[in-house]
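Q: Just dropping this structure here.
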Amino acid sequence: MGMTMNRASRYIYEASDTFYEAKVSLDSTFRVSELFDPGRRFKKHLANAYLIDNEEYISLASVKCIESLKEGIFIFSGDDIFRFKNIFISGSELGLVKGCKYHYKIYLNTDIPMCLSGKDPSQGNYVEAEIYNINLVFSVENRSRVVNKGDHLIYETYHEYGFMLADIDKLNNYLKKHESGNDLIKEFTTTELASELFSEGLIALCWGLTPWPYYISSEANEQARLGKNSPFVGSYFFDESIKEVSVIKGESLTDWTSCVANNWPKLKVPGSGNGLKISLYSEDELAVEERFRAGFSSPICTFYVKRENVETPVPLLEVNLFD
C-alpha cells in the first residue's frame, strides 16, 4: 500500500521534571504530565510527529514498553501541536491544513541499548542511554498502526572497536577454509585477512568509533531516525546474496569461536547492488541552558545501512561522534 509521509522531530535532553510542562494541542490542550509518568526523571526524549495520507508504522528498536496513550479526531486550528520551552512542532511544518479534520494517535515507547537490557535502571550508563519516544501520528483516515521493525533497526552501545556486519555462516566457512586464527582483531591488524574479506564482500567493518549509544538502521525510509548528514560515510563490496546480517560487537572479535556461538541481533539488508553504504546521521540535543554552559553534548546517532553499487570501497575506520 503506497503512502507519503511528512515528519518533524525535536530531540530534548532535560535533566529535571519540567518536561511535564510540555503541552500538546489537539482537540483540547493538555500537558504531557497528563499522558504518562515514568516514575523517575527523564534523561532523553525524542519527540516525533508524522503526517500520513494512508498507512504508517511507528518504528521500534529495543523496546522497553509500548503504549497507546491517547487518540481521537481534531480540526487543525493552525497553532503549534507540540510546545516545550524553545521547542515547537507546528502542524504547518507537517503539512496539516488549517480547518481540516485529522485522526491522531499518541504512542510512547522506550529504547534502551540491547546490551543493557535487564540491567539495573539506576546505573548511570543505563539512564544516559535511555531514549523516551513520544510519537504523534496524524492521518486523514484512521489507519496508523504500530509495527515492530526490529529486523531493520537496532539500538546499541559499543566499544571503540565498533561493529561488524556479516553473514556469520558464510564468514565462518571462509575462515575455516583459510585456517585463520581465532583472534580476528590480531588477524586484521597483522595480516591481509581484513583486505581479503573486504574484497570477497564478506564483511562491513566500522571501527574506531567514539564509545556511545547509537542506532543501526536499514529501514527503507532514510529519515526514519532523527539526524542530519555527517562527513562519516563508508562503502564496502558486499555479497549480493546476503539479505540479512548479524551485527557483531567489534571487541568480541578477539574470540571468533565465541562469536560464532553467540546469538547476535540480525539486520535486514534489502535492495540491490554489489555493496553497502554506511552513513552516520547525528542530531545534537536541544537542552536546558545549564547543560550548554557546562559544555555537555548528547547527540542521537544513527548508522544507516543501504545497498547500492560500489566502485571504489572506502571502509569507515575512524568515527568521532562529537565532531
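Chains: A, B, ... in order of the C-alpha cells. Residues: from 1 per chain. Ligands: from 1, in order shown.
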What's around Ser25 (chain A) at 10 Å? Count only C-alpha atoms, leave out sequence neighbours fewer than 2 positions away in its own chain, and write the answer as a PyMOL selection string.

A: chain A and resi 23+27-31+74+76-77+79-83

Q: Please provide as a ChimeraX atom specification all residues within 7 Å of Leu253 (chain A), with the sequence filter that same-chain residues fewer than 3 positions apart are discarded (counting only C-alpha atoms).

A: /A:183-185,250,256,259

Q: Keeping C-alpha atoms, export the residues of the selection given above as a PDB file, in the first residue's frame.

A:
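Result file result.pdb:
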```
ATOM      1  CA  ASP A 183      41.671 -13.649  17.338  1.00  0.00           C
ATOM      2  CA  LEU A 184      40.337 -11.702  14.360  1.00  0.00           C
ATOM      3  CA  ILE A 185      41.453  -8.333  15.704  1.00  0.00           C
ATOM      4  CA  GLY A 250      33.952  -5.303  17.471  1.00  0.00           C
ATOM      5  CA  TRP A 256      35.848 -15.932  16.968  1.00  0.00           C
ATOM      6  CA  CYS A 259      31.323 -15.111  18.257  1.00  0.00           C
TER       7      CYS A 259
END
```

Q: Have a look at A:Lys306, A:Lys249, A:Lys170, A:Arg7 and name the one nearest to Trp264 (chain A); count only C-alpha atoms.

A: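 Smallest distance to Trp264 (chain A) is found for A:Lys249.
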
Q: Find the distance between CA of Ser272 (chain A) and CA of Leu175 (chain A) and write it in Å to one decimal.

A: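 Computed distance, CA of Ser272 (chain A) to CA of Leu175 (chain A), equals 25.9 Å.
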
Q: Just how far from CA of Glu156 (chain A) is CA of Glu251 (chain A), in Å to one decimal?

A: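 Spanning CA of Glu251 (chain A) to CA of Glu156 (chain A) is a straight-line distance of 13.7 Å.
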
Q: Write out as a CSV table (one decimal) with N, CA and C atoms, in the first residue's frame which residues come within 7 Å of region 273-283 of chain A when counting only C-alpha atoms, dropping same-chain ones fewer than 3 positions away.

A:
```
chain,number,residue,atom,x,y,z
A,226,LEU,N,16.0,10.2,13.6
A,226,LEU,CA,16.4,11.7,13.6
A,226,LEU,C,17.8,11.9,13.3
A,227,GLY,N,18.1,12.9,12.5
A,227,GLY,CA,19.5,13.2,12.2
A,227,GLY,C,19.8,13.9,10.9
A,228,LYS,N,21.0,14.5,10.9
A,228,LYS,CA,21.5,15.2,9.7
A,228,LYS,C,22.7,14.4,9.2
A,229,ASN,N,23.0,14.6,7.9
A,229,ASN,CA,24.2,14.0,7.3
A,229,ASN,C,25.4,14.4,8.1
A,230,SER,N,26.4,13.5,8.1
A,230,SER,CA,27.7,13.8,8.7
A,230,SER,C,28.8,13.5,7.7
A,232,PHE,N,30.9,11.3,7.9
A,232,PHE,CA,31.4,9.9,8.1
A,232,PHE,C,30.5,9.0,7.3
A,233,VAL,N,31.1,8.5,6.2
A,233,VAL,CA,30.4,7.6,5.3
A,233,VAL,C,31.4,6.5,4.8
A,234,GLY,N,31.0,5.3,4.9
A,234,GLY,CA,31.9,4.2,4.4
A,234,GLY,C,31.2,3.4,3.3
A,235,SER,N,32.0,2.8,2.4
A,235,SER,CA,31.4,1.9,1.4
A,235,SER,C,32.2,0.6,1.3
A,236,TYR,N,31.5,-0.4,1.0
A,236,TYR,CA,32.1,-1.8,1.0
A,236,TYR,C,31.5,-2.6,-0.1
A,237,PHE,N,32.4,-3.5,-0.7
A,237,PHE,CA,31.8,-4.6,-1.5
A,237,PHE,C,31.1,-5.5,-0.6
A,238,PHE,N,29.9,-6.0,-1.0
A,238,PHE,CA,29.2,-6.9,-0.1
A,238,PHE,C,28.4,-7.9,-0.9
A,239,ASP,N,28.6,-9.2,-0.7
A,239,ASP,CA,28.0,-10.3,-1.4
A,239,ASP,C,26.5,-10.0,-1.6
A,240,GLU,N,26.1,-10.0,-2.9
A,240,GLU,CA,24.7,-9.7,-3.2
A,240,GLU,C,23.7,-10.7,-2.7
A,299,PRO,N,24.4,13.7,21.6
A,299,PRO,CA,23.7,13.5,20.3
A,299,PRO,C,23.1,12.2,20.2
A,300,ILE,N,22.0,12.1,19.4
A,300,ILE,CA,21.5,10.8,19.0
A,300,ILE,C,22.1,10.5,17.6
A,301,CYS,N,22.6,9.3,17.5
A,301,CYS,CA,23.4,8.9,16.3
A,301,CYS,C,22.8,7.7,15.6
A,302,THR,N,22.8,7.7,14.3
A,302,THR,CA,22.3,6.5,13.6
A,302,THR,C,23.2,6.2,12.5
A,303,PHE,N,23.6,4.9,12.4
A,303,PHE,CA,24.4,4.4,11.2
A,303,PHE,C,23.3,3.8,10.3
A,304,TYR,N,23.2,4.4,9.1
A,304,TYR,CA,22.2,4.0,8.1
A,304,TYR,C,22.9,3.1,7.1
A,305,VAL,N,22.4,1.9,6.9
A,305,VAL,CA,23.0,0.9,6.1
A,305,VAL,C,22.1,0.7,4.8
A,306,LYS,N,22.7,0.9,3.7
A,306,LYS,CA,21.9,0.8,2.4
A,306,LYS,C,22.7,0.1,1.3
A,307,ARG,N,22.0,-0.8,0.6
A,307,ARG,CA,22.6,-1.5,-0.5
A,307,ARG,C,22.7,-0.6,-1.7
A,308,GLU,N,23.8,-0.6,-2.4
A,308,GLU,CA,24.0,0.1,-3.6
A,308,GLU,C,25.2,-0.4,-4.4
A,309,ASN,N,25.4,0.0,-5.6
A,309,ASN,CA,26.6,-0.4,-6.3
A,309,ASN,C,27.8,0.5,-5.9
A,310,VAL,N,28.9,-0.2,-5.7
A,310,VAL,CA,30.1,0.4,-5.2
A,310,VAL,C,31.2,0.2,-6.2
```

Q: Give the answer as one residue: which of A:Leu316, A:Leu51, A:Ala204, A:Leu171 has the shortest atom-to-atom distance to Val260 (chain A), using only C-alpha atoms?

A: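 Result for the nearest residue to Val260 (chain A): A:Leu171.
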
Q: I'd like the interatomic distance between CA of Thr257 (chain A) and CA of Gly181 (chain A), to a tenth of an Å.

A: 10.0 Å

Q: Give me the residues near region 187-190 of chain A as a list of chain:residue names, where near means some atom within 12 Å (using only C-alpha atoms) and where sequence neighbours in that chain fewer than 4 positions away do not count.

A: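 Using only C-alpha atoms, the neighbours found are A:Tyr161, A:Leu175, A:Glu179, A:Ser180, A:Gly181, A:Asn182, A:Asp183, A:Ala194, A:Ser195, A:Glu196, A:Leu197, A:Phe198, A:Ile203, A:Leu205, A:Trp207, A:Gly250, A:Leu253, A:Thr254, A:Asp255, A:Trp256.
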